[in-house]
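Before any comments, here is the structure.
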Amino acid sequence: MNLLLFELKKIGHTRKTYLFLVLGLLMAVMLFLLNGYLGQKENSLINSLASSKKAVMGQSQYSDEIDHFLKQTNQDIEAQEEGFRTAADQGKSLVGELTLPTYPFYRTMLNNELAKQKIPPQSMRYGTKNTVFTAILLTYLVSGFGIILLLFLFGDSLTKEIEERSLYFYFSQPIKRSRLFFMKYSLAWIQSMLMIGGLSLFGFIIASLFSGKSSFFYPVIVFTKTSMKFIPISQYIGQLLFVFAFVLAFVLALHFLVSILVKKTSFSIIVTLLILFEGHTISTLNNALVRKYAHANPFTYLNVSKLFVGYDFHPFELFSIENQEYYANWCLPRTMHNEQINSLNGVIVLSLGTVILLTLGYVCFKKNVHRWKL
């Protein structure tokens with residue numbers, strides 16, 4: 001307990017901790033402001049196309065205008081699809097027209113669900129209402145950006161003391177080497193998760209204060225083996241945090257092993273990031289063999305949000321409807337054509353990888369102890 005308190009006090013007196021915390025808070029504020037600006041532009045275009053006197057996107061309360069917008073949108077999509085089918089029957093080319101054949105199904109299902117629950121539609125790209133913005137912010141935090149931030153913030157808890165030979169202080173105490181190693185690892189993991197949770201909570205608070213509320217039951221489309229289903233946005237946020245906890249455990253275990261082998265703070269972080277980048281790149285290659293066994297590769301799961309929802313890289317104007325790619329089938333399990341890529345398998349594979357890396361890390365740590373006593 002004394003060792004734990006000592007470690008916590010040491011972190012609390014580190015300037016870098018506050019610097020990165022402020023950086024994270026500023027990022028959340030900037031994302032909120034950017035979403036507000038881009039969302040306003042997109043909503044103005046949607047409202048003009050919908051010929052609505054009242055804004056239909058980004059509202060906190062359901063209304064007759066919103067109900068009309070959702071039903072009219074579905075009618076337009078069905079008419080467009082009927083036009084495509086008619087043109088195809090007549091032998092006309094649909095090149096450049098029918099680019100996302102599954103998109104209309106997902107979008108109409110979502111609109112029906114919103115109308116059924118009487119929930120106003122929100123943008124999952126540029127939303128600023130509290131639950132929606134929290135989900136958007138979290139997708140950044142549980143991606144490569146968040147991993148880089150956390151490695152620079154808490155990743156040197158072991159390497160810096162190896163490099164500066166300050167581990168001698170711990171070795172002079174009646175502390176088991178295993179307890180020291182796993183305590184430092186556990187602290188780095190706990191602090192990282194608290195950082196992610198704190199930034200997400202901060203995002204929720206600023207969105208609530210300056211934009212208002214959105215439903216905790218807002219339907220989010222996630223993909224199953226053959227189709228899709230709806231889950232509440234609160235469950236989606238919880239799943240992101242849950243799977244990322246295992247991703248983070250794997251990343252830190254890898255970094256601790258690299259740190260012991262390299263013994264240089266800055267170099268060990270760079271090496272860890274290179275391994276993660278190359279591992280994820282290889283695990284998502286467009287190769288039949290790689291795709292077949294991608295679910296058994298822990299590097300596949302590093303970008304957590306892509307396990308559930310789709311990519312979103314096409315501008316709104318292409319399809320005259322908000323956020324079309326999000327409702328298409330471009331999520332990682334679909335793009336990899338591997339139905340076994342899911343959160344459950346991810347947790348299992350990441351857990352096994354973490355145990356292996358931690359075991360190797362501890363063995364290397366124990367064998368090199370005598371060198372750090374000098």
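Ligands are numbered from 1 in the order shown, chains are lettered A, B, ... in the order of the structure tokens, and residues start at 1 in each chain.
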So that I can check the surroundings of segment 209-218 of chain A, please list as a PyMOL selection string every protein, DNA and RNA residue that reaches within 12 Å of it, counting only C-alpha atoms and ignoring chain neighbours fewer than 4 positions away. chain A and resi 29+32-33+35-36+39+57-62+110-111+113-124+127-135+202-205+230-238
For the strand (DSSP E) assignment from backbone DSSP, which residues of segment 51-249 of chain A qualify? Please present them as a compact mmCIF listing (two decimals) with all heavy atoms, in the first residue's frame.
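New file result-v1.txt:
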# COMPACT_ATOMS: atom_id res chain seq x y z
N PRO A 219 -30.82 4.87 -31.28
CA PRO A 219 -30.42 3.60 -31.91
C PRO A 219 -29.14 3.72 -32.74
O PRO A 219 -29.02 4.60 -33.58
CB PRO A 219 -31.63 3.27 -32.79
CG PRO A 219 -32.27 4.59 -33.08
CD PRO A 219 -32.02 5.45 -31.89
N VAL A 220 -28.23 2.83 -32.47
CA VAL A 220 -26.99 2.74 -33.23
C VAL A 220 -26.98 1.42 -33.98
O VAL A 220 -27.28 0.37 -33.41
CB VAL A 220 -25.76 2.83 -32.31
CG1 VAL A 220 -24.46 2.63 -33.09
CG2 VAL A 220 -25.73 4.17 -31.58
N ILE A 221 -26.67 1.49 -35.26
CA ILE A 221 -26.62 0.28 -36.08
C ILE A 221 -25.29 -0.43 -35.88
O ILE A 221 -24.22 0.16 -36.07
CB ILE A 221 -26.80 0.61 -37.57
CG1 ILE A 221 -28.21 1.14 -37.84
CG2 ILE A 221 -26.55 -0.62 -38.45
CD1 ILE A 221 -28.43 1.60 -39.26
N VAL A 222 -25.34 -1.68 -35.48
CA VAL A 222 -24.14 -2.52 -35.44
C VAL A 222 -24.44 -3.74 -36.31
O VAL A 222 -25.60 -4.09 -36.54
CB VAL A 222 -23.76 -2.95 -34.02
CG1 VAL A 222 -23.42 -1.74 -33.17
CG2 VAL A 222 -24.88 -3.73 -33.35
N PHE A 223 -23.38 -4.38 -36.75
CA PHE A 223 -23.54 -5.42 -37.76
C PHE A 223 -23.38 -6.81 -37.16
O PHE A 223 -22.49 -7.05 -36.35
CB PHE A 223 -22.54 -5.21 -38.89
CG PHE A 223 -22.78 -3.93 -39.61
CD1 PHE A 223 -22.06 -2.79 -39.30
CD2 PHE A 223 -23.74 -3.85 -40.60
CE1 PHE A 223 -22.29 -1.60 -39.96
CE2 PHE A 223 -23.99 -2.67 -41.26
CZ PHE A 223 -23.26 -1.54 -40.94
N MET A 228 -27.92 -6.69 -39.59
CA MET A 228 -27.62 -5.63 -38.66
C MET A 228 -28.64 -5.66 -37.53
O MET A 228 -29.65 -6.35 -37.60
CB MET A 228 -27.64 -4.27 -39.36
CG MET A 228 -28.81 -4.03 -40.29
SD MET A 228 -30.43 -3.77 -39.51
CE MET A 228 -30.14 -2.15 -38.82
N LYS A 229 -28.34 -4.93 -36.48
CA LYS A 229 -29.29 -4.79 -35.37
C LYS A 229 -29.10 -3.41 -34.74
O LYS A 229 -28.09 -2.74 -34.99
CB LYS A 229 -29.09 -5.89 -34.33
CG LYS A 229 -27.75 -5.83 -33.62
CD LYS A 229 -27.63 -6.92 -32.57
CE LYS A 229 -26.28 -6.84 -31.85
NZ LYS A 229 -26.15 -7.87 -30.80
N PHE A 230 -30.05 -3.01 -33.93
CA PHE A 230 -29.96 -1.75 -33.21
C PHE A 230 -29.56 -2.00 -31.77
O PHE A 230 -30.04 -2.95 -31.14
CB PHE A 230 -31.30 -1.02 -33.22
CG PHE A 230 -31.73 -0.55 -34.57
CD1 PHE A 230 -32.80 -1.13 -35.22
CD2 PHE A 230 -31.07 0.49 -35.20
CE1 PHE A 230 -33.21 -0.70 -36.46
CE2 PHE A 230 -31.46 0.93 -36.45
CZ PHE A 230 -32.54 0.34 -37.08
N ILE A 231 -28.68 -1.17 -31.25
CA ILE A 231 -28.41 -1.16 -29.81
C ILE A 231 -28.48 0.30 -29.34
O ILE A 231 -28.23 1.22 -30.12
CB ILE A 231 -27.03 -1.76 -29.47
CG1 ILE A 231 -25.90 -0.92 -30.09
CG2 ILE A 231 -26.93 -3.21 -29.89
CD1 ILE A 231 -24.51 -1.35 -29.62
N PRO A 232 -28.84 0.55 -28.08
CA PRO A 232 -28.86 1.92 -27.57
C PRO A 232 -27.45 2.51 -27.58
O PRO A 232 -26.46 1.79 -27.43
CB PRO A 232 -29.38 1.75 -26.13
CG PRO A 232 -30.00 0.40 -26.08
CD PRO A 232 -29.28 -0.44 -27.08
Can you list every residue of segment 227-289 of chain A that has an atom at most 10 Å from segment 174-189 of chain A, with its nearest atom pair and the distance in Å to one decimal, using only C-alpha atoms, ordered by chain then number, as a tab-separated table?
residue	atom	partner	partner_atom	distance
A:Ala245	CA	A:Trp189	CA	8.2
A:Phe246	CA	A:Trp189	CA	9.7
A:Leu248	CA	A:Trp189	CA	7.0
A:Ala249	CA	A:Trp189	CA	6.5
A:Phe250	CA	A:Trp189	CA	9.9
A:Val251	CA	A:Trp189	CA	9.6
A:Leu252	CA	A:Trp189	CA	7.2
A:Ala253	CA	A:Tyr185	CA	7.5
A:His255	CA	A:Tyr185	CA	9.9
A:Phe256	CA	A:Tyr185	CA	7.6
- Straight-line distance linking atom CA of Glu82 of chain A with atom CA of His68 of chain A, stated in Å to one decimal: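 We find that atom CA of Glu82 of chain A and atom CA of His68 of chain A lie 20.8 Å from each other.
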